[in-house]
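Structure file start.csv (CSV, C-alpha atoms and all ligand atoms) is printed below.
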```csv
chain,number,residue,atom,x,y,z
N,365,MET,CA,-90.2,27.7,13.2
N,366,ILE,CA,-88.1,28.1,16.4
N,367,ARG,CA,-86.0,31.2,16.2
N,368,LEU,CA,-82.9,31.8,18.4
N,369,PRO,CA,-83.3,34.7,20.8
N,370,PRO,CA,-81.0,37.7,20.0
N,371,LEU,CA,-77.4,36.6,20.4
N,372,PRO,CA,-74.0,38.2,20.0
N,373,THR,CA,-72.9,37.9,16.4
N,374,ILE,CA,-70.4,35.3,15.5
N,375,GLN,CA,-67.8,38.1,14.9
N,376,GLU,CA,-68.5,39.4,18.5
N,377,ILE,CA,-68.2,35.9,19.9
N,378,ILE,CA,-64.8,35.4,18.2
N,379,ARG,CA,-63.7,38.7,19.6
N,380,ILE,CA,-65.1,38.2,23.1
N,381,TYR,CA,-63.4,34.8,23.5
N,382,GLY,CA,-60.3,35.7,21.6
N,383,LEU,CA,-60.8,32.8,19.2
N,384,SER,CA,-57.9,33.0,16.8
N,385,ALA,CA,-57.9,30.2,14.2
N,386,ARG,CA,-55.5,27.3,14.7
N,387,LYS,CA,-53.9,26.1,11.5
N,388,LYS,CA,-53.1,22.7,13.0
N,389,LEU,CA,-56.8,22.0,13.3
N,390,SER,CA,-57.6,23.4,9.8
N,391,GLN,CA,-59.7,26.2,11.3
N,392,ASN,CA,-61.2,28.3,8.5
N,393,PHE,CA,-64.4,29.8,9.8
N,394,LEU,CA,-67.5,30.5,7.8
N,395,LEU,CA,-69.0,33.7,9.2
N,396,ASP,CA,-71.3,34.6,6.3
N,397,LEU,CA,-74.7,33.5,7.6
N,398,ASN,CA,-76.1,33.6,4.0
N,399,LEU,CA,-73.6,30.9,3.1
N,400,THR,CA,-74.2,28.8,6.2
N,401,ARG,CA,-77.9,29.0,5.4
N,402,LYS,CA,-77.2,27.8,1.9
N,403,ILE,CA,-75.3,24.8,3.1
N,404,ILE,CA,-78.1,23.9,5.5
N,405,LYS,CA,-80.7,24.3,2.8
N,406,THR,CA,-78.6,21.9,0.7
N,407,ALA,CA,-78.9,19.2,3.4
N,408,GLY,CA,-82.7,19.2,2.8
N,409,ASN,CA,-85.7,19.3,5.1
N,410,LEU,CA,-84.3,19.0,8.7
N,411,LYS,CA,-87.8,19.1,10.4
N,412,ASP,CA,-87.8,16.6,13.2
N,413,CYS,CA,-84.3,15.5,12.4
N,414,CYS,CA,-81.4,14.6,14.6
N,415,VAL,CA,-78.3,16.3,13.1
N,416,VAL,CA,-74.7,15.6,14.0
N,417,GLU,CA,-72.4,18.6,13.2
N,418,VAL,CA,-68.7,17.9,13.0
N,419,GLY,CA,-66.3,20.7,14.0
N,420,PRO,CA,-68.8,23.5,14.8
N,421,GLY,CA,-66.0,25.9,15.8
N,422,PRO,CA,-67.5,29.3,16.9
N,423,GLY,CA,-70.9,28.1,15.6
N,424,GLY,CA,-71.8,29.8,12.3
N,425,LEU,CA,-73.3,26.6,10.7
N,426,THR,CA,-74.6,25.6,14.1
N,427,ARG,CA,-76.8,28.8,14.2
N,428,SER,CA,-78.3,28.0,10.8
N,429,ILE,CA,-79.0,24.4,11.8
N,430,LEU,CA,-80.8,25.6,15.0
N,431,ASN,CA,-82.8,28.1,12.9
N,432,THR,CA,-84.5,25.1,11.2
N,433,GLU,CA,-87.0,22.9,12.8
N,434,VAL,CA,-84.3,20.4,13.8
N,435,GLU,CA,-85.4,18.3,16.8
N,436,LYS,CA,-81.9,17.5,18.1
N,437,LEU,CA,-78.4,18.7,17.3
N,438,ILE,CA,-75.3,17.1,18.6
N,439,VAL,CA,-72.0,19.0,17.9
N,440,ILE,CA,-68.6,17.4,18.2
N,441,GLU,CA,-65.7,19.8,18.5
N,442,LYS,CA,-62.1,18.9,19.3
N,443,ASP,CA,-61.0,22.4,20.3
N,444,GLY,CA,-62.2,23.1,23.9
N,445,ARG,CA,-61.8,26.9,23.3
N,446,PHE,CA,-65.1,26.9,21.4
N,447,VAL,CA,-67.2,25.3,24.2
N,448,PRO,CA,-68.2,28.6,26.0
N,449,SER,CA,-69.4,30.1,22.7
N,450,LEU,CA,-71.2,26.9,21.8
N,451,GLU,CA,-72.9,27.0,25.2
N,452,ILE,CA,-74.4,30.3,24.4
N,453,LEU,CA,-76.1,28.6,21.4
N,454,SER,CA,-77.0,25.5,23.5
N,455,ASP,CA,-78.7,27.7,26.2
N,456,ALA,CA,-80.7,29.5,23.5
N,457,SER,CA,-81.7,26.2,21.7
N,458,HIS,CA,-84.7,25.2,23.9
N,459,GLY,CA,-82.8,22.0,25.0
N,460,ARG,CA,-82.2,20.8,21.4
N,461,MET,CA,-78.4,21.1,21.3
N,462,LYS,CA,-75.8,18.9,23.0
N,463,ILE,CA,-72.1,19.7,22.9
N,464,ILE,CA,-69.4,17.0,22.9
N,465,GLN,CA,-65.8,17.9,23.2
N,466,GLY,CA,-63.9,15.2,21.4
N,467,ASP,CA,-62.2,13.9,18.3
N,468,ILE,CA,-64.5,12.8,15.5
N,469,LEU,CA,-61.9,10.3,14.2
N,470,GLY,CA,-62.8,7.1,16.1
N,471,PHE,CA,-66.0,8.6,17.5
N,472,ASP,CA,-69.0,6.3,17.3
N,473,MET,CA,-72.0,8.6,16.5
N,474,SER,CA,-74.5,5.9,17.2
N,475,ASP,CA,-73.6,6.4,20.9
N,476,VAL,CA,-75.2,9.9,20.8
N,477,VAL,CA,-78.0,9.5,18.3
N,478,PRO,CA,-81.1,8.2,20.1
N,479,PRO,CA,-82.3,4.8,18.8
N,480,GLU,CA,-85.8,6.2,18.1
N,481,TYR,CA,-84.4,7.8,14.9
N,482,THR,CA,-83.5,4.4,13.5
N,483,CYS,CA,-84.8,3.2,10.1
N,484,GLN,CA,-84.3,-0.1,8.3
N,485,TRP,CA,-81.5,0.1,5.7
N,486,GLN,CA,-84.0,-0.6,2.9
N,487,ASP,CA,-86.3,2.2,4.0
N,488,ASN,CA,-86.1,5.8,3.0
N,489,THR,CA,-83.2,7.8,4.6
N,490,PRO,CA,-83.8,8.2,8.4
N,491,ASN,CA,-84.3,11.6,10.1
N,492,ILE,CA,-80.6,11.7,10.8
N,493,HIS,CA,-78.1,14.0,9.0
N,494,VAL,CA,-74.4,14.6,9.3
N,495,ILE,CA,-73.3,18.1,8.5
N,496,GLY,CA,-69.9,19.6,8.7
N,497,ASN,CA,-67.6,22.3,7.4
N,498,LEU,CA,-64.9,19.7,7.8
N,499,PRO,CA,-61.3,20.5,8.8
N,500,PHE,CA,-59.2,19.9,5.6
N,501,SER,CA,-56.7,17.9,7.6
N,502,VAL,CA,-59.1,15.1,8.4
N,503,SER,CA,-61.7,15.3,5.7
N,504,THR,CA,-60.3,12.5,3.4
N,505,PRO,CA,-59.4,10.0,6.2
N,506,LEU,CA,-62.7,10.8,7.9
N,507,ILE,CA,-64.8,10.1,4.8
N,508,ILE,CA,-62.9,6.8,4.1
N,509,ARG,CA,-63.6,5.7,7.7
N,510,TRP,CA,-67.3,6.6,7.3
N,511,LEU,CA,-67.6,4.8,4.0
N,512,ASN,CA,-66.2,1.7,5.7
N,513,SER,CA,-68.9,2.1,8.3
N,514,ILE,CA,-71.5,2.5,5.6
N,515,SER,CA,-70.3,-0.7,4.0
N,516,THR,CA,-70.8,-2.6,7.3
N,517,GLN,CA,-73.8,-0.5,8.4
N,518,SER,CA,-72.0,0.3,11.6
N,519,ASN,CA,-71.3,3.5,13.6
N,520,LEU,CA,-74.1,6.0,12.7
N,521,TRP,CA,-75.2,3.8,9.8
N,522,SER,CA,-76.4,1.2,12.2
N,523,ARG,CA,-79.4,3.7,12.4
N,524,GLY,CA,-80.1,3.5,8.7
N,525,ARG,CA,-78.9,5.3,5.5
N,526,ALA,CA,-78.1,8.7,7.1
N,527,ALA,CA,-77.2,11.3,4.6
N,528,MET,CA,-74.2,13.7,4.9
N,529,THR,CA,-73.6,17.2,3.7
N,530,LEU,CA,-69.9,18.0,4.0
N,531,THR,CA,-67.4,20.5,2.7
N,532,PHE,CA,-64.1,19.5,1.0
N,533,GLN,CA,-61.3,21.3,-0.8
N,534,LYS,CA,-62.8,21.9,-4.2
N,535,GLU,CA,-60.3,19.5,-5.9
N,536,VAL,CA,-61.2,16.7,-3.5
N,537,ALA,CA,-64.9,17.4,-4.1
N,538,GLU,CA,-64.2,17.1,-7.9
N,539,ARG,CA,-62.5,13.8,-7.3
N,540,ILE,CA,-65.3,12.4,-5.1
N,541,ILE,CA,-67.9,13.0,-7.8
N,542,ALA,CA,-65.7,12.4,-10.9
N,543,PRO,CA,-67.3,10.1,-13.5
N,544,PRO,CA,-65.3,7.7,-15.6
N,545,ARG,CA,-62.9,9.5,-18.1
N,546,SER,CA,-62.9,12.6,-16.0
N,547,GLU,CA,-59.5,14.1,-15.3
N,548,TYR,CA,-60.4,13.9,-11.6
N,549,ARG,CA,-61.3,10.2,-11.6
N,550,CYS,CA,-59.3,8.4,-8.9
N,551,ARG,CA,-59.7,5.7,-6.3
N,552,LEU,CA,-61.6,8.2,-4.0
N,553,SER,CA,-64.2,8.5,-6.8
N,554,VAL,CA,-64.9,4.8,-6.9
N,555,MET,CA,-64.8,4.3,-3.1
N,556,CYS,CA,-67.4,7.1,-2.6
N,557,GLN,CA,-69.6,6.2,-5.6
N,558,TYR,CA,-69.9,2.5,-5.1
N,559,LEU,CA,-71.5,3.1,-1.7
N,560,CYS,CA,-73.2,6.4,-2.0
N,561,ASN,CA,-75.0,8.7,-4.5
N,562,VAL,CA,-72.8,11.7,-4.4
N,563,SER,CA,-73.4,15.2,-5.8
N,564,LEU,CA,-71.4,18.5,-5.7
N,565,LYS,CA,-74.0,21.0,-4.7
N,566,PHE,CA,-72.1,24.3,-5.0
N,567,SER,CA,-68.7,25.8,-4.5
N,568,ILE,CA,-67.6,28.5,-2.0
N,569,PRO,CA,-64.6,30.7,-2.8
N,570,GLY,CA,-61.7,30.4,-0.3
N,571,LYS,CA,-62.0,34.1,0.4
N,572,ALA,CA,-65.4,33.6,2.0
N,573,PHE,CA,-63.6,31.9,5.0
N,574,VAL,CA,-61.8,33.5,7.9
N,575,PRO,CA,-58.8,33.1,7.6
N,576,PRO,CA,-59.1,32.3,3.8
N,577,PRO,CA,-57.6,29.1,2.7
N,578,LYS,CA,-55.6,29.1,-0.5
N,579,VAL,CA,-58.2,26.9,-2.2
N,580,ASP,CA,-61.9,27.0,-2.9
N,581,VAL,CA,-64.4,24.7,-1.2
N,582,GLY,CA,-67.0,22.3,-2.6
N,583,VAL,CA,-70.2,21.2,-0.7
N,584,VAL,CA,-70.9,17.6,-1.3
N,585,LYS,CA,-74.0,15.6,-0.4
N,586,PHE,CA,-73.7,11.8,0.2
N,587,VAL,CA,-76.7,9.5,0.3
N,588,PRO,CA,-75.8,5.9,1.1
N,589,ARG,CA,-77.1,3.5,-1.6
N,590,ARG,CA,-79.6,0.8,-0.6
N,591,GLU,CA,-77.4,-1.7,-2.5
N,592,PRO,CA,-73.7,-1.0,-3.0
N,593,LEU,CA,-72.5,-1.2,-6.6
N,594,ILE,CA,-69.8,-3.6,-5.6
N,595,ARG,CA,-70.6,-6.6,-3.5
N,596,GLN,CA,-67.2,-7.3,-1.9
N,597,SER,CA,-65.7,-6.3,1.4
N,598,PHE,CA,-64.5,-2.7,1.8
N,599,ALA,CA,-61.0,-3.9,2.3
N,600,LEU,CA,-61.0,-5.8,-1.0
N,601,VAL,CA,-62.5,-2.9,-2.9
N,602,GLU,CA,-60.0,-0.6,-1.4
N,603,ARG,CA,-57.1,-2.9,-2.3
N,604,MET,CA,-58.3,-3.2,-5.8
N,605,ASN,CA,-58.6,0.6,-6.3
N,606,ARG,CA,-55.3,1.3,-4.7
N,607,HIS,CA,-53.6,-1.0,-7.2
N,608,LEU,CA,-55.7,0.1,-10.2
N,609,PHE,CA,-55.1,3.8,-9.7
N,610,HIS,CA,-51.4,3.2,-9.1
N,611,HIS,CA,-51.1,3.8,-12.8
N,612,PRO,CA,-54.4,5.7,-13.6
N,613,ASN,CA,-53.5,6.4,-17.2
N,614,LYS,CA,-51.9,3.2,-18.3
N,615,PHE,CA,-53.5,0.0,-19.6
N,616,CYS,CA,-55.3,-1.9,-16.8
N,617,PHE,CA,-53.2,-5.0,-17.2
N,618,LYS,CA,-50.2,-3.0,-15.9
N,619,SER,CA,-52.1,-2.1,-12.6
N,620,LEU,CA,-53.5,-5.6,-12.3
N,621,GLY,CA,-50.0,-6.9,-12.5
N,622,THR,CA,-49.2,-5.2,-9.2
N,623,LEU,CA,-51.7,-7.5,-7.5
N,624,PHE,CA,-49.7,-10.6,-8.2
N,625,PRO,CA,-46.1,-11.9,-7.7
N,626,PRO,CA,-43.9,-11.5,-10.8
N,627,ASP,CA,-43.9,-15.3,-11.4
N,628,ARG,CA,-47.8,-15.4,-11.5
N,629,GLU,CA,-48.5,-13.2,-14.5
N,630,ASP,CA,-50.9,-15.9,-15.6
N,631,LEU,CA,-53.3,-14.6,-12.9
N,632,ILE,CA,-53.5,-11.2,-14.7
N,633,TRP,CA,-55.1,-12.9,-17.7
N,634,THR,CA,-57.3,-15.1,-15.4
N,635,MET,CA,-58.6,-11.8,-13.9
N,636,VAL,CA,-59.2,-10.3,-17.3
N,637,GLU,CA,-61.0,-13.5,-18.5
N,638,LEU,CA,-63.1,-13.8,-15.3
N,639,SER,CA,-64.0,-10.1,-15.2
N,640,GLY,CA,-64.7,-9.6,-18.9
N,641,VAL,CA,-62.9,-6.2,-18.6
N,642,ASP,CA,-60.8,-5.1,-21.5
N,643,ALA,CA,-57.1,-5.3,-20.4
N,644,GLN,CA,-56.3,-2.3,-22.5
N,645,ILE,CA,-58.8,0.1,-21.0
N,646,ARG,CA,-57.2,2.6,-18.6
N,647,PRO,CA,-58.2,2.7,-14.9
N,648,PHE,CA,-59.5,6.2,-15.1
N,649,GLU,CA,-62.0,5.1,-17.8
N,650,LEU,CA,-63.4,2.2,-15.8
N,651,THR,CA,-67.0,2.4,-14.6
N,652,ASN,CA,-67.8,1.6,-11.0
N,653,GLU,CA,-69.5,-1.6,-12.3
N,654,GLN,CA,-66.3,-2.6,-14.2
N,655,VAL,CA,-64.3,-2.1,-11.0
N,656,GLY,CA,-66.9,-4.3,-9.4
N,657,GLN,CA,-66.3,-7.0,-12.0
N,658,LEU,CA,-62.6,-6.9,-11.4
N,659,CYS,CA,-63.2,-7.1,-7.6
N,660,ASN,CA,-65.4,-10.2,-8.1
N,661,ALA,CA,-62.7,-11.8,-10.3
N,662,TYR,CA,-60.0,-11.0,-7.7
N,663,ALA,CA,-62.2,-12.5,-4.9
N,664,THR,CA,-62.6,-15.7,-7.0
N,665,ILE,CA,-58.8,-16.0,-7.4
N,666,ILE,CA,-58.2,-15.3,-3.7
N,667,GLY,CA,-60.8,-18.0,-2.9
N,668,GLN,CA,-58.7,-20.5,-4.9
N,669,GLU,CA,-55.3,-19.2,-3.8
N,670,PRO,CA,-55.6,-17.3,-0.5
N,671,ASP,CA,-51.8,-16.7,-0.3
N,672,ILE,CA,-52.2,-14.2,-3.2
N,673,LEU,CA,-53.8,-11.7,-0.8
N,674,THR,CA,-50.6,-11.4,1.2
N,675,TYR,CA,-48.6,-10.3,-1.8
N,676,GLU,CA,-47.4,-6.7,-1.5
N,677,PHE,CA,-46.1,-5.3,-4.7
N,678,ARG,CA,-44.1,-2.5,-3.1
N,679,SER,CA,-42.3,-4.7,-0.6
N,680,GLN,CA,-40.8,-6.8,-3.4
N,681,LYS,CA,-38.4,-4.2,-4.7
N,682,SER,CA,-36.1,-1.7,-3.3
N,683,ALA,CA,-36.9,2.0,-3.9
N,684,LYS,CA,-34.0,2.2,-6.3
N,685,GLU,CA,-35.1,-0.9,-8.3
N,686,ARG,CA,-38.6,0.6,-8.4
N,687,ARG,CA,-37.4,3.9,-9.7
N,688,GLN,CA,-35.3,2.2,-12.4
N,689,LYS,CA,-38.2,0.1,-13.5
N,690,VAL,CA,-40.6,3.0,-13.6
N,691,THR,CA,-38.2,5.0,-15.7
N,692,LYS,CA,-37.7,2.1,-18.1
N,693,VAL,CA,-41.4,1.4,-18.4
N,694,LEU,CA,-42.2,5.1,-18.9
N,695,ALA,CA,-39.7,5.4,-21.7
N,696,LEU,CA,-41.0,2.3,-23.4
N,697,GLU,CA,-44.6,3.5,-23.1
N,698,GLN,CA,-43.7,6.8,-24.4
N,699,ARG,CA,-42.5,5.1,-27.6
N,700,LEU,CA,-45.5,2.8,-27.8
N,701,LEU,CA,-48.3,5.3,-27.3
N,702,SER,CA,-48.8,7.4,-30.4
N,703,SER,CA,-51.8,9.2,-29.1
N,704,SER,CA,-52.2,11.2,-25.9
N,705,PHE,CA,-55.0,11.0,-23.4
N,706,PRO,CA,-57.1,13.6,-21.7
N,707,ASN,CA,-55.8,13.2,-18.2
N,708,GLU,CA,-52.2,12.2,-19.0
N,709,ASN,CA,-51.1,14.9,-16.7
N,710,ILE,CA,-53.3,14.1,-13.8
N,711,ASP,CA,-51.6,14.5,-10.4
N,712,SER,CA,-50.8,11.3,-8.7
N,713,GLU,CA,-53.2,10.3,-5.9
N,714,LYS,CA,-50.5,10.3,-3.3
N,715,ASP,CA,-52.1,13.1,-1.4
N,716,GLN,CA,-55.3,11.1,-1.1
N,717,ARG,CA,-53.7,8.0,0.4
N,801,LIG,C1,-63.0,24.4,9.0
N,801,LIG,S1,-63.3,24.7,10.7
N,801,LIG,C2,-65.1,24.9,10.6
N,801,LIG,C3,-65.6,25.7,11.8
N,801,LIG,C4,-67.1,26.0,11.7
N,801,LIG,N1,-67.9,24.9,11.5
N,801,LIG,C5,-67.3,27.0,10.6
N,801,LIG,O1,-67.9,26.6,9.6
N,801,LIG,O2,-67.0,28.2,10.8
N,801,LIG,C6,-63.1,23.0,11.3
N,801,LIG,C7,-63.5,22.8,12.7
N,801,LIG,O3,-63.3,21.4,13.0
N,801,LIG,C8,-62.6,21.3,14.3
N,801,LIG,N2,-61.8,20.1,14.3
N,801,LIG,C9,-60.6,19.8,13.7
N,801,LIG,N3,-60.3,18.5,13.8
N,801,LIG,C10,-61.3,17.9,14.5
N,801,LIG,C11,-61.5,16.6,14.9
N,801,LIG,N4,-60.6,15.7,14.7
N,801,LIG,N5,-62.7,16.3,15.6
N,801,LIG,C12,-63.6,17.3,15.8
N,801,LIG,N6,-63.4,18.6,15.4
N,801,LIG,C13,-62.3,18.9,14.8
N,801,LIG,C14,-61.8,22.5,14.3
N,801,LIG,O4,-61.4,22.8,15.7
N,801,LIG,C15,-62.7,23.6,13.7
N,801,LIG,O5,-63.5,24.1,14.7
```

In structure tokens, what does this structure look like?
Ligand SMILES: C[S@@+](CC[C@H](N)C(=O)[O-])C[C@H]1O[C@@H](n2cnc3c(N)ncnc32)[C@H](O)[C@@H]1O
Amino acid sequence: MIRLPPLPTIQEIIRIYGLSARKKLSQNFLLDLNLTRKIIKTAGNLKDCCVVEVGPGPGGLTRSILNTEVEKLIVIEKDGRFVPSLEILSDASHGRMKIIQGDILGFDMSDVVPPEYTCQWQDNTPNIHVIGNLPFSVSTPLIIRWLNSISTQSNLWSRGRAAMTLTFQKEVAERIIAPPRSEYRCRLSVMCQYLCNVSLKFSIPGKAFVPPPKVDVGVVKFVPRREPLIRQSFALVERMNRHLFHHPNKFCFKSLGTLFPPDREDLIWTMVELSGVDAQIRPFELTNEQVGQLCNAYATIIGQEPDILTYEFRSQKSAKERRQKVTKVLALEQRLLSSSFPNENIDSEKDQR
């Protein structure tokens, strides 16, 4: 195993370069090398792998990656202040590490991962891994972008089913892995799970970071599925989930109604018939497969009536009208529903969208 020569500690590097954390870039550093080692172990065997690390910062995780038998490490960091400290690691890496100063949002990782690491999609996962203690500010938009790339086998995923080991706010991690009926089940759960096998590996208390965020952190591993559970375009699946989880705890027909103009209520029942999904199930109870059945039914309807796709529920009413309607419906439902449900009080998914 290649060992790094003696280097200044991460704490010394932070002091030498005056690297105070920037809140705007969600900088919470992990300086405990036992924890960085644990994250890297979770990623699996990195021998002969090409790893892309997102947001290396002062380089805590980076050191642990370099201490494996990784063949190539590409780090992508937005904040140029970290480049000198990363160069210390790069110089000690026996030519294995490349530093890119840039923004990961919109970055095409296939430009920097050599083609020799490529595997066919149906093969085992390639020797490519994405690792990152992600900045909270970009973690959800980033994973949505990457899921889109997985669905089209583009960006890094033109090189095969590259796995990812990433950190998220604990609550976001819970949402990503939430099974049907979980209080955390939301559209992020379905979007992640229909394309990837996802697992929450362990949690890290917020106090382990410098400076400590107010929340704990979850380490999640994503392995792209050979076959997605839903065989429709990412845009269609995203649209369906956005509408379904508009009312996660109400009967499905209510959410489905938001897909169609008010004078086309008949299409709700066509959807129900085509999909075979019970209209009185609640969105948070739906399995990924059932969401897939709804997506297929919606695709059939759009195939017959393409104009339906341009219908935007929100644009049809003024905010005041919407508020009045929501209040009225809520009052009505309150009266109708005699029993309560496990996640009646779940937070809205607004923060995820
Ligand atoms: C939570 S810190 C993690 C730092 C380091 N990996 C660690 O574990 O100590 C997130 C890092 O991502 C960087 N970052 C923030 N937004 C970024 C972006 N859009 N592209 C690339 N890096 C970004 C920050 O500058 C910071 O270094």

Inset, instruction - Find the residues around range 412-423 of chain N up to 8 Å (all atoms listed in the file counted), leave out those fewer than 3 positions away in its own chain, and share them as a PyMOL selection string. - result: chain N and resi 374+377-378+383+391+393+426-427+433-443+446+449-450+453+468+473+477+481+491-499

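Non-sequential neighbours of Arg549 in chain N (distance at most 9 Å, separation of 5 or more positions within a chain, all atoms listed in the file) are Glu538, Arg539, Ile540, Ile541, Ala542, Pro543, Pro544, Val554, Pro612, Pro647, Phe648 and Glu649 of chain N.
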
Legend entry - Residue among N:Phe532, N:Trp485, N:Phe586, N:Phe471 lying closest to Leu511 in chain N, counting only C-alpha atoms: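 Selected residue with least distance to Leu511 in chain N: N:Phe586.
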
Inset, instruction - Show which residues sit within 10 Å of range 568-582 of chain N, as JSON, numbers by chain. Count all atoms listed in the file, and ignore same-chain residues fewer than 3 positions away. - result: {"N": [384, 385, 386, 387, 390, 391, 392, 393, 394, 395, 396, 399, 403, 497, 500, 530, 531, 532, 533, 534, 535, 536, 537, 538, 564, 565, 585]}

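Among the candidates N:Ala643, N:Leu608, N:Ile404, N:Cys616, the one nearest to Arg551 in chain N when counting all atoms listed in the file is N:Leu608.
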
Inset, instruction - Between CA of Gly621 in chain N and CA of Arg603 in chain N, measure the distance and give it in Å to one decimal. - result: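 Going from CA of Gly621 in chain N over to CA of Arg603 in chain N covers 13.1 Å.
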
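Picture a line from CA of Lys402 in chain N to atom C5 of ligand LIG 801 (chain N); it runs 13.2 Å.
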
Inset, instruction - Tell me which of N:Thr432, N:Asn409, N:Asn613, N:Gln465 sits closest to ligand LIG 801 (chain N), counting only C-alpha atoms and all ligand atoms. - result: N:Gln465

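Computed from the coordinates, the CA of Asn652 in chain N to CA of Asp472 in chain N distance equals 28.7 Å.
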
Legend entry - Distance criterion (only C-alpha atoms and all ligand atoms): nearest to ligand LIG 801 (chain N) out of N:Ile594, N:Val636, N:Val447, N:Ile380: N:Val447

Inset, instruction - Write out as a count of residues only each polymer residue whose atoms come within 8 Å of Ser639 in chain N, counting all atoms listed in the file; drop sequence neighbours fewer than 5 positions from it. - result: 5

Legend entry - N:Met461, N:Ile452, N:Ile666, N:Val583 ranked by distance to ligand LIG 801 (chain N), top pick (using all atoms listed in the file):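 Residue with the minimum atom-to-atom distance to ligand LIG 801 (chain N): N:Val583.
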
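If you measure from each of N:Val562, N:Leu520, N:Ile463, N:Pro372 to ligand LIG 801 (chain N) using only C-alpha atoms and all ligand atoms, the closest one turns out to be N:Ile463.
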
Inset, instruction - Compile the contact shell of Cys560 in chain N as a list in words: residues with an atom at most 10 Å away, counting all atoms listed in the file, same-chain residues fewer than 4 positions apart removed. - result: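 Residues near the query, excluding close chain neighbours: Leu511, Ile514, Ser515, Arg525, Ala527, Val554, Met555, Cys556, Lys585, Phe586, Val587, Pro588, Arg589, Arg590, Glu591, Pro592 and Leu593 of chain N.
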
Just C-alpha atoms for this one: save the residues we selected as a PDB file, keeping the file's coordinate frame.
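Saved to part_22.pdb:
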```
ATOM      1  CA  LEU N 511     -67.600   4.800   4.000  1.00  0.00           C
ATOM      2  CA  ILE N 514     -71.500   2.500   5.600  1.00  0.00           C
ATOM      3  CA  SER N 515     -70.300  -0.700   4.000  1.00  0.00           C
ATOM      4  CA  ARG N 525     -78.900   5.300   5.500  1.00  0.00           C
ATOM      5  CA  ALA N 527     -77.200  11.300   4.600  1.00  0.00           C
ATOM      6  CA  VAL N 554     -64.900   4.800  -6.900  1.00  0.00           C
ATOM      7  CA  MET N 555     -64.800   4.300  -3.100  1.00  0.00           C
ATOM      8  CA  CYS N 556     -67.400   7.100  -2.600  1.00  0.00           C
ATOM      9  CA  LYS N 585     -74.000  15.600  -0.400  1.00  0.00           C
ATOM     10  CA  PHE N 586     -73.700  11.800   0.200  1.00  0.00           C
ATOM     11  CA  VAL N 587     -76.700   9.500   0.300  1.00  0.00           C
ATOM     12  CA  PRO N 588     -75.800   5.900   1.100  1.00  0.00           C
ATOM     13  CA  ARG N 589     -77.100   3.500  -1.600  1.00  0.00           C
ATOM     14  CA  ARG N 590     -79.600   0.800  -0.600  1.00  0.00           C
ATOM     15  CA  GLU N 591     -77.400  -1.700  -2.500  1.00  0.00           C
ATOM     16  CA  PRO N 592     -73.700  -1.000  -3.000  1.00  0.00           C
ATOM     17  CA  LEU N 593     -72.500  -1.200  -6.600  1.00  0.00           C
TER      18      LEU N 593
END
```
